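Enquirer: This is the content of my_file.csv (CSV, C-alpha atoms):
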```csv
chain,number,residue,atom,x,y,z
T,1075,LEU,CA,72.8,78.5,110.7
T,1076,GLN,CA,76.0,78.6,112.8
T,1077,LEU,CA,79.4,79.9,111.6
T,1078,VAL,CA,82.9,79.4,113.0
T,1079,GLU,CA,86.0,81.1,111.7
T,1080,SER,CA,89.4,79.6,112.0
T,1081,GLY,CA,92.9,80.3,110.8
T,1082,GLY,CA,93.7,83.5,112.6
T,1083,GLY,CA,96.8,84.3,114.6
T,1084,LEU,CA,100.1,86.1,114.1
T,1085,VAL,CA,101.3,86.4,110.6
T,1086,GLN,CA,104.2,88.4,109.1
T,1087,SER,CA,103.9,91.4,106.9
T,1088,GLY,CA,104.1,90.3,103.2
T,1089,GLY,CA,102.8,86.9,104.0
T,1090,THR,CA,99.5,85.2,103.2
T,1091,LEU,CA,96.5,84.9,105.4
T,1092,THR,CA,94.1,82.0,105.0
T,1093,LEU,CA,90.9,82.0,107.0
T,1094,SER,CA,88.2,79.4,106.9
T,1095,CYS,CA,84.5,79.7,107.8
T,1096,THR,CA,82.7,76.5,108.6
T,1097,THR,CA,79.0,76.5,108.8
T,1098,THR,CA,76.5,74.0,110.3
T,1099,GLY,CA,72.8,73.9,110.2
T,1100,ASP,CA,71.2,74.9,107.0
T,1101,PRO,CA,72.9,74.0,103.7
T,1102,LEU,CA,75.4,76.7,102.8
T,1103,ARG,CA,74.0,76.8,99.2
T,1104,PHE,CA,71.1,78.8,100.5
T,1105,TYR,CA,73.3,81.7,101.6
T,1106,SER,CA,75.6,84.4,100.4
T,1107,ILE,CA,78.8,84.7,102.5
T,1108,GLY,CA,80.5,87.9,103.5
T,1109,TRP,CA,83.8,88.5,105.3
T,1110,PHE,CA,84.2,91.5,107.5
T,1111,ARG,CA,86.9,92.8,109.8
T,1112,GLN,CA,87.2,95.3,112.7
T,1113,ALA,CA,90.5,96.9,113.5
T,1114,PRO,CA,91.1,98.4,117.0
T,1115,GLY,CA,89.3,101.7,117.3
T,1116,LYS,CA,87.7,101.4,113.9
T,1117,GLU,CA,84.3,100.4,112.6
T,1118,ARG,CA,83.7,97.0,111.1
T,1119,GLU,CA,84.2,97.0,107.4
T,1120,ALA,CA,83.4,94.6,104.6
T,1121,VAL,CA,86.3,92.8,103.1
T,1122,ALA,CA,84.9,90.4,100.6
T,1123,CYS,CA,81.6,88.8,99.6
T,1124,ILE,CA,80.7,85.8,97.5
T,1125,GLY,CA,77.2,85.1,96.2
T,1126,GLU,CA,75.3,81.9,96.5
T,1127,THR,CA,76.5,80.6,93.2
T,1128,ALA,CA,80.0,82.1,93.4
T,1129,ASP,CA,79.3,84.2,90.3
T,1130,VAL,CA,79.4,87.4,92.3
T,1131,ILE,CA,82.6,88.2,94.1
T,1132,ILE,CA,83.3,91.6,95.5
T,1133,GLY,CA,86.3,92.8,97.5
T,1134,ALA,CA,87.0,96.0,99.3
T,1135,ASP,CA,89.4,98.5,98.0
T,1136,SER,CA,91.6,97.9,101.0
T,1137,VAL,CA,92.3,94.3,99.7
T,1138,LYS,CA,91.9,94.9,96.0
T,1139,ASP,CA,94.2,92.7,94.0
T,1140,ARG,CA,95.3,90.9,97.2
T,1141,PHE,CA,92.4,88.8,98.0
T,1142,ALA,CA,90.6,85.6,97.0
T,1143,ILE,CA,87.4,84.2,98.3
T,1144,PHE,CA,86.0,80.7,97.8
T,1145,ARG,CA,83.1,78.6,98.8
T,1146,ASP,CA,82.6,74.9,98.9
T,1147,ASN,CA,78.9,74.2,99.4
T,1148,ALA,CA,79.5,70.5,99.7
T,1149,LYS,CA,81.9,71.0,102.6
T,1150,SER,CA,79.9,74.0,104.0
T,1151,THR,CA,82.9,76.2,104.1
T,1152,SER,CA,84.1,79.5,102.8
T,1153,THR,CA,87.8,80.5,102.6
T,1154,LEU,CA,89.3,84.0,102.5
T,1155,GLU,CA,92.8,84.6,101.4
T,1156,ILE,CA,94.7,87.9,101.7
T,1157,HIS,CA,98.1,88.1,100.1
T,1158,SER,CA,100.9,90.6,100.6
T,1159,LEU,CA,99.7,91.3,104.1
T,1160,LYS,CA,100.1,94.7,105.6
T,1161,VAL,CA,100.2,95.7,109.2
T,1162,GLU,CA,96.9,97.5,108.6
T,1163,ASP,CA,95.3,94.2,107.9
T,1164,THR,CA,95.4,93.5,111.6
T,1165,ALA,CA,91.8,93.1,112.8
T,1166,VAL,CA,89.2,90.7,114.1
T,1167,TYR,CA,87.9,88.9,111.1
T,1168,TYR,CA,84.3,87.7,110.9
T,1169,CYS,CA,82.4,85.6,108.4
T,1170,ALA,CA,78.7,86.2,108.0
T,1171,ALA,CA,75.8,84.7,106.0
T,1172,GLY,CA,73.0,86.5,104.4
T,1173,PRO,CA,70.2,85.6,102.0
T,1174,ALA,CA,70.9,84.3,98.6
T,1175,TRP,CA,70.0,87.6,96.7
T,1176,PRO,CA,72.0,88.3,93.6
T,1177,GLN,CA,72.5,91.9,94.7
T,1178,ILE,CA,73.6,91.3,98.3
T,1179,CYS,CA,77.3,91.6,97.6
T,1180,GLY,CA,78.1,95.3,97.3
T,1181,HIS,CA,74.6,96.4,98.4
T,1182,GLU,CA,74.5,99.8,100.1
T,1183,ARG,CA,73.1,98.3,103.3
T,1184,GLY,CA,76.2,96.3,103.7
T,1185,GLU,CA,76.5,94.2,106.8
T,1186,ALA,CA,72.9,94.9,107.8
T,1187,LEU,CA,71.8,92.3,105.3
T,1188,PHE,CA,73.8,89.6,107.0
T,1189,ASP,CA,71.9,87.9,109.7
T,1190,TRP,CA,74.2,85.1,110.9
T,1191,TRP,CA,77.7,85.8,112.2
T,1192,GLY,CA,80.7,83.9,113.5
T,1193,GLN,CA,82.4,84.8,116.7
T,1194,GLY,CA,85.4,86.3,114.9
T,1195,THR,CA,89.1,85.4,114.8
T,1196,GLN,CA,92.0,87.7,115.6
T,1197,VAL,CA,94.6,88.3,113.0
T,1198,THR,CA,97.7,90.2,113.9
T,1199,VAL,CA,100.2,91.2,111.2
T,1200,SER,CA,103.7,91.9,112.4
T,1201,SER,CA,106.1,94.2,110.7
```
Rewrite the coordinates I just gave you, this time as structure tokens.

Expert:
Amino acid sequence: LQLVESGGGLVQSGGTLTLSCTTTGDPLRFYSIGWFRQAPGKEREAVACIGETADVIIGADSVKDRFAIFRDNAKSTSTLEIHSLKVEDTAVYYCAAGPAWPQICGHERGEALFDWWGQGTQVTVSS
């Protein structure tokens, strides 16, 4: 499975970020999708996760009430939206795929459960 993120760049504070993750190889329906980000000088953190059937969706406290995550298995894509952007949303954003376990989203092992990763896309939020 290969993953490629797109949609990063420079965005203004208060605006909306829309990132896409396009997968190739195995059908997306066999995987859960997680979005992660790494800000300069900080550890990578989970942002959002969507289970294989989209019935499990989890977002980090840092984007609570500001995010939406979707998946379209037919198009092999996942989309992450973050609204009301803040400067602290500046980071490299990654999408990752993990096994289709019902409990993967929010699992204590976090990103260790995700075996396939995109190369990341830089998002810079200007004030």

Enquirer: Find the residues near Gly1172 in chain T: any atom within 10 Å, counting all atoms listed in the file, skip ones fewer than 6 places away on the same chain, and give them as an mmCIF file with C-alpha atoms, keeping the file's coordinate frame.

Expert:
```cif
data_model
loop_
_atom_site.group_PDB
_atom_site.id
_atom_site.type_symbol
_atom_site.label_atom_id
_atom_site.label_comp_id
_atom_site.auth_asym_id
_atom_site.auth_seq_id
_atom_site.Cartn_x
_atom_site.Cartn_y
_atom_site.Cartn_z
ATOM 1 C CA PHE T 1104 71.100 78.800 100.500
ATOM 2 C CA TYR T 1105 73.300 81.700 101.600
ATOM 3 C CA SER T 1106 75.600 84.400 100.400
ATOM 4 C CA ILE T 1107 78.800 84.700 102.500
ATOM 5 C CA GLY T 1108 80.500 87.900 103.500
ATOM 6 C CA GLY T 1125 77.200 85.100 96.200
ATOM 7 C CA GLU T 1126 75.300 81.900 96.500
ATOM 8 C CA ILE T 1178 73.600 91.300 98.300
ATOM 9 C CA CYS T 1179 77.300 91.600 97.600
ATOM 10 C CA GLU T 1185 76.500 94.200 106.800
ATOM 11 C CA ALA T 1186 72.900 94.900 107.800
ATOM 12 C CA LEU T 1187 71.800 92.300 105.300
ATOM 13 C CA PHE T 1188 73.800 89.600 107.000
ATOM 14 C CA ASP T 1189 71.900 87.900 109.700
ATOM 15 C CA TRP T 1190 74.200 85.100 110.900
ATOM 16 C CA TRP T 1191 77.700 85.800 112.200
#
```

Enquirer: Calculate how many Å separate CA of Phe1144 in chain T from CA of Ile1132 in chain T, rounding to one decimal.

Expert: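 About the pair CA of Phe1144 in chain T and CA of Ile1132 in chain T: they are 11.5 Å apart.
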
Enquirer: Please measure the separation of CA of Val1199 in chain T and CA of Lys1116 in chain T, giving the value in Å to one decimal.

Expert: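 Pair CA of Val1199 in chain T / CA of Lys1116 in chain T returns 16.4 Å.
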
Enquirer: For CA of Ala1148 in chain T and CA of Asp1100 in chain T, quote the distance in Å rounded to one decimal.

Expert: 11.9 Å

Enquirer: Report as a ChimeraX atom specification all protein, DNA and RNA residues lying within 8 Å of Thr1090 in chain T, evaluated on only C-alpha atoms, omitting residues in the same chain fewer than 2 positions from it.

Expert: /T:1085,1088,1092,1155-1159

Enquirer: Restricting the calculation to only C-alpha atoms, which member of T:Val1078, T:Glu1117, T:Cys1095, T:Ser1201 is positioned closest to Glu1162 in chain T?

Expert: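 Smallest distance to Glu1162 in chain T is found for T:Ser1201.
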
Enquirer: Between T:Ile1143, T:Ile1131, T:Ile1124, T:Leu1091, which has the minimum distance to Lys1160 in chain T (counting all atoms listed in the file)?

Expert: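 Closest candidate: T:Leu1091.
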
Enquirer: Mind filling out range 1166-1177 of chain T with all heavy atoms and sending it as a compact mmCIF listing (two decimals), keeping the file's coordinate frame?

Expert:
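The resulting file, rebuild_15.txt, is reproduced below:
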```
# COMPACT_ATOMS: atom_id res chain seq x y z
N VAL T 1166 90.06 91.85 113.86
CA VAL T 1166 89.20 90.70 114.10
C VAL T 1166 88.44 90.43 112.83
O VAL T 1166 87.76 91.33 112.34
CB VAL T 1166 88.31 90.83 115.30
CG1 VAL T 1166 87.44 89.58 115.48
CG2 VAL T 1166 89.12 91.11 116.57
N TYR T 1167 88.54 89.24 112.29
CA TYR T 1167 87.90 88.90 111.10
C TYR T 1167 86.63 88.05 111.35
O TYR T 1167 86.70 87.09 112.14
CB TYR T 1167 88.80 88.14 110.12
CG TYR T 1167 89.81 89.03 109.45
CD1 TYR T 1167 90.88 89.56 110.16
CD2 TYR T 1167 89.68 89.37 108.10
CE1 TYR T 1167 91.80 90.41 109.55
CE2 TYR T 1167 90.60 90.21 107.48
CZ TYR T 1167 91.64 90.72 108.21
OH TYR T 1167 92.55 91.56 107.60
N TYR T 1168 85.55 88.40 110.70
CA TYR T 1168 84.30 87.70 110.90
C TYR T 1168 83.77 87.19 109.53
O TYR T 1168 83.90 87.87 108.51
CB TYR T 1168 83.21 88.66 111.41
CG TYR T 1168 83.52 89.29 112.73
CD1 TYR T 1168 84.24 90.49 112.79
CD2 TYR T 1168 83.08 88.73 113.93
CE1 TYR T 1168 84.51 91.10 114.00
CE2 TYR T 1168 83.34 89.33 115.14
CZ TYR T 1168 84.06 90.51 115.18
OH TYR T 1168 84.33 91.11 116.38
N CYS T 1169 83.17 86.01 109.55
CA CYS T 1169 82.40 85.60 108.40
C CYS T 1169 80.92 85.72 108.77
O CYS T 1169 80.55 85.58 109.94
CB CYS T 1169 82.74 84.21 107.91
SG CYS T 1169 82.33 82.87 109.04
N ALA T 1170 80.11 85.98 107.79
CA ALA T 1170 78.70 86.20 108.00
C ALA T 1170 77.91 85.62 106.84
O ALA T 1170 78.43 85.56 105.71
CB ALA T 1170 78.37 87.65 108.22
N ALA T 1171 76.69 85.24 107.09
CA ALA T 1171 75.80 84.70 106.00
C ALA T 1171 74.59 85.57 105.89
O ALA T 1171 74.04 86.07 106.87
CB ALA T 1171 75.42 83.26 106.38
N GLY T 1172 74.20 85.73 104.66
CA GLY T 1172 73.00 86.50 104.40
C GLY T 1172 72.18 85.78 103.30
O GLY T 1172 72.61 84.75 102.77
N PRO T 1173 71.03 86.31 102.99
CA PRO T 1173 70.20 85.60 102.00
C PRO T 1173 70.79 85.56 100.65
O PRO T 1173 71.67 86.34 100.30
CB PRO T 1173 68.91 86.54 102.00
CG PRO T 1173 69.37 87.85 102.53
CD PRO T 1173 70.46 87.56 103.50
N ALA T 1174 70.32 84.61 99.88
CA ALA T 1174 70.90 84.30 98.60
C ALA T 1174 70.29 85.29 97.52
O ALA T 1174 69.67 84.86 96.56
CB ALA T 1174 70.64 82.90 98.18
N TRP T 1175 70.48 86.57 97.72
CA TRP T 1175 70.00 87.60 96.70
C TRP T 1175 71.19 87.87 95.78
O TRP T 1175 72.31 88.05 96.21
CB TRP T 1175 69.64 88.86 97.43
CG TRP T 1175 68.53 88.77 98.39
CD1 TRP T 1175 67.61 87.78 98.49
CD2 TRP T 1175 68.22 89.72 99.40
NE1 TRP T 1175 66.75 88.05 99.53
CE2 TRP T 1175 67.08 89.24 100.10
CE3 TRP T 1175 68.77 90.93 99.80
CZ2 TRP T 1175 66.50 89.93 101.16
CZ3 TRP T 1175 68.19 91.62 100.86
CH2 TRP T 1175 67.07 91.12 101.52
N PRO T 1176 70.90 88.00 94.52
CA PRO T 1176 72.00 88.30 93.60
C PRO T 1176 72.68 89.65 93.89
O PRO T 1176 73.84 89.82 93.60
CB PRO T 1176 71.26 88.37 92.23
CG PRO T 1176 70.05 87.54 92.41
CD PRO T 1176 69.64 87.76 93.84
N GLN T 1177 71.95 90.57 94.49
CA GLN T 1177 72.50 91.90 94.70
C GLN T 1177 73.10 92.12 96.09
O GLN T 1177 73.49 93.22 96.44
CB GLN T 1177 71.43 92.98 94.46
CG GLN T 1177 70.84 92.98 93.06
CD GLN T 1177 69.70 92.00 92.92
OE1 GLN T 1177 69.20 91.45 93.90
NE2 GLN T 1177 69.29 91.76 91.68
```
